[in-house]
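What follows is a set of notes on a single structure, which appears directly below.
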There are 2 protein chains.
Amino acid sequence: MARATVHDLASAAGVSLATIDRVLNHRGGVRPATIEKVEQAMAKLNYRRDMAAAMLAKQQEYRFVFLVPVGVNTFMRNLAGEAIRLSELSAAERVSIRVIEIPPFDDDRLAEILNGLDAGTTSGVAVVATENAQVRQAIDRLAGRGIPVVTLVSDVPSSRRAHFVGIDNSAAGRTAGSLMGRFLTGRKGRIAVLAGSMLLRDHVERHFGFERVLRTEYPDLVTLPVIEGRDNGAIAQDLLGKLLDQNDDIIGLYSIGGGNRGVIAALKQRNAGTRICVIAHELTAHCREALVDGTFDAILNQDPGHEARSAMRVLRALTDGQPIDPGQERIRIDIYLRDNLP
Amino acid sequence: MARATVHDLASAAGVSLATIDRVLNHRGGVRPATIEKVEQAMAKLNYRRDMAAAMLAKQQEYRFVFLVPVGVNTFMRNLAGEAIRLSELSAAERVSIRVIEIPPFDDDRLAEILNGLDAGTTSGVAVVATENAQVRQAIDRLAGRGIPVVTLVSDVPSSRRAHFVGIDNSAAGRTAGSLMGRFLTGRKGRIAVLAGSMLLRDHVERHFGFERVLRTEYPDLVTLPVIEGRDNGAIAQDLLGKLLDQNDDIIGLYSIGGGNRGVIAALKQRNAGTRICVIAHELTAHCREALVDGTFDAILNQDPGHEARSAMRVLRALTDGQPIDPGQERIRIDIYLRDNLP
DNA sequence: CTGAAAGCGCTTACAG
DNA sequence: CTGAAAGCGCTTACAG
């Protein structure tokens, strides 16, 4: 027996297709008694709606916008690239993704772009957001107009965003702390910490998790005050270089954000790559190379391809009022050693 | 301008819908000149086929079979569970998944079931296979009948399976070796290795990778001969217990396969959980608990949910002759410490 | 509050 | 080798 269709429902309930559709989609304007009849027919025939047919009939189109701060940051570049690739792949499923590159560290511009989005042609927004009053307000305004917003990579929990697509950043920091502690078993010394900016929630959370583990579990490892390289290789190289020159007891480095090309250069200049235990984030091409040649000891990663796909699936579910599969949408903290590189 | 449809193509090329469909689906029986015209129209109008509409018209149904050896092995249970869950979720997309539980370590029965599959109602098969002549032959026979087969968790590379859904097991073994080596920095001693069976390719590969790293990079750590617990808690507990009692210089354990409830019991009985560095596979409920309480030091995991979904996507792509996205289908070797548990 | 009819973008016998 | 027409399972004006 083939699966039941709306026609089967209609004849079983003794009503027309239009009425079936009304109760299926909760459009209202149907007598309770009629609703009852239809629901009984649904249960009896074990009716399950064919989504593809519904999409086709509705001429449904998803128009999503992805906002990514693409400067010199390779990870963000990769993320934008994955979103563009996804947009091509999912054209056959009637979803279009417009990727807008925004200047990094420019809250005003970000808020402006969010506010300028056309509600008529935008069915959902994914944004690598910053924690800023105007940005939050812009997110809330979109949500108010019924446009679902998901935050990507860095969350804005106080906003009305519907979902966060990214890793648990304090867990990532704790993981970095544990690896550092275990890799430096039996040694005593100071640990340098380089972030992009302590105004970015994801960086702050990673730092918090890292500190917490080191202080409570590895008291022989003492962290230095965070230096901020603005996710920029040149600045990072300069700041880290000075720090290394001033402190000869540094045995570990946690690189929280971007600018790792500068980190690698600073370490190599001083032949410090193997002496110092380095844990960094994001498996970009240069980080990968540093892991292979022994300059880096571990890399924590979030998969930009998975994040782009997850953001799309979540936005689609949100627009359709469908449920989200938490297991599928959880973004893992990938740990890479030299041995499990993809 | 809305996207082009088959109607637009037909009028642009001056042919009928049927002809458009013939060239779109390479059905043959069309004059080269006509094909040419249609292809030009496709290029000019930037035509992209609407998959949902095609599915609907074709009344396409995917009927997949998943074969999973479910005995006492929790990971396999979880995998079967994920496949069942997936089957419910994807009913709306017209894919049905029949999960067949097979007795573990029974090659004859597995081959028999594979051979008994009805080619008429089976559009694809995912199987946790063993490396056995009859099993391989059964896989090859299915492939010969045009039914795509993917291997799950453990590969049979010499067969005609179309794809392998699982982790790189030698890389997993190397990862275990590196973690063990680094966690035991500065210490000397023997390392126990417990597998399920050295007749299982995935276990052999993990062992190989592990040995390789230890011998070449950590010569102070010497592995003992592998003991085989048949993925069974009781047997594992017994064998490992004896080994621990006979060797008081064991400082590490690599648990390659299942039966970790027995491993945990053997360690706890001897108060050896914290003294011995333990690395195990698969984040099942009891392994998770052992990680949290410090009995285990790291867990390598493959995500059964991801594997089930990946197998389904790959089988679907294979049936449709669509391309596979390697980035999306690569199964990661997840490393879990206490800190990045989901 | 309810229904008849047309249409979404494809595919599929069937006829020529 | 090619085409006209019907149909897949839904939704949507429109009419009543």
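Quick note on naming: the chains in the structure tokens go A, B, ... in the order shown, residues restart at 1 in each chain, and ligands are numbered from 1 in order of appearance.
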| field | Check: which chain C residues lie within 12 Å of chain A using only C-alpha atoms (C1' of nucleotides), as number ranges by chain | value | C: 1-10
| Quick one: which residues from chain B are at most 10 Å off chain A, using only C-alpha atoms, as a ChimeraX atom specification? | /B:3,48-57,89,91-94,167-179,181-186,209,213,303,305-306,309,325,327-328,330-342
| request: Would you mind listing what lies within 10 Å of B:Thr223 as an MDAnalysis selection string, with only C-alpha atoms (C1' of nucleotides) counted and same-chain residues fewer than 5 positions away left out? | output: chainID B and resid 189:193 210:211 214:215 250 252:254
| message | Can you measure atom CA of B:Asp238 to atom CA of B:Asp220 for me? One decimal in Å is fine. | response |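 Computed distance, atom CA of B:Asp238 to atom CA of B:Asp220, equals 27.3 Å.
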| Using only C-alpha atoms, which residue out of B:Phe105, B:Phe66, B:Ile256, B:Ala265 lies closest to B:Leu86? |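 Comparing B:Phe105, B:Phe66, B:Ile256, B:Ala265 against B:Leu86, the winner is B:Phe66.
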| task | Mind checking which residues fall within 9 Å of A:Thr122, counting only C-alpha atoms (C1' of nucleotides), ignoring those fewer than 6 positions away in the same chain, and posting them as a list in words? | result | Tyr62, Arg63, Phe64, Val65 and Ile147 of chain A
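You will find atom CA of A:Val127 at 16.8 Å from atom CA of A:Leu199.
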| Picked from stretch 215-266 of chain B by DSSP as strand (DSSP E), as a ChimeraX atom specification | /B:221-223,227-228,250-255
| task | Looking only at helix (DSSP H, G or I) from DSSP on the backbone, list the matching residues of stretch 19-237 of chain B as a PyMOL selection string. | result | chain B and resi 19-24+32-45+51-58+74-93+107-116+133-144+169-183+201-217+233-237
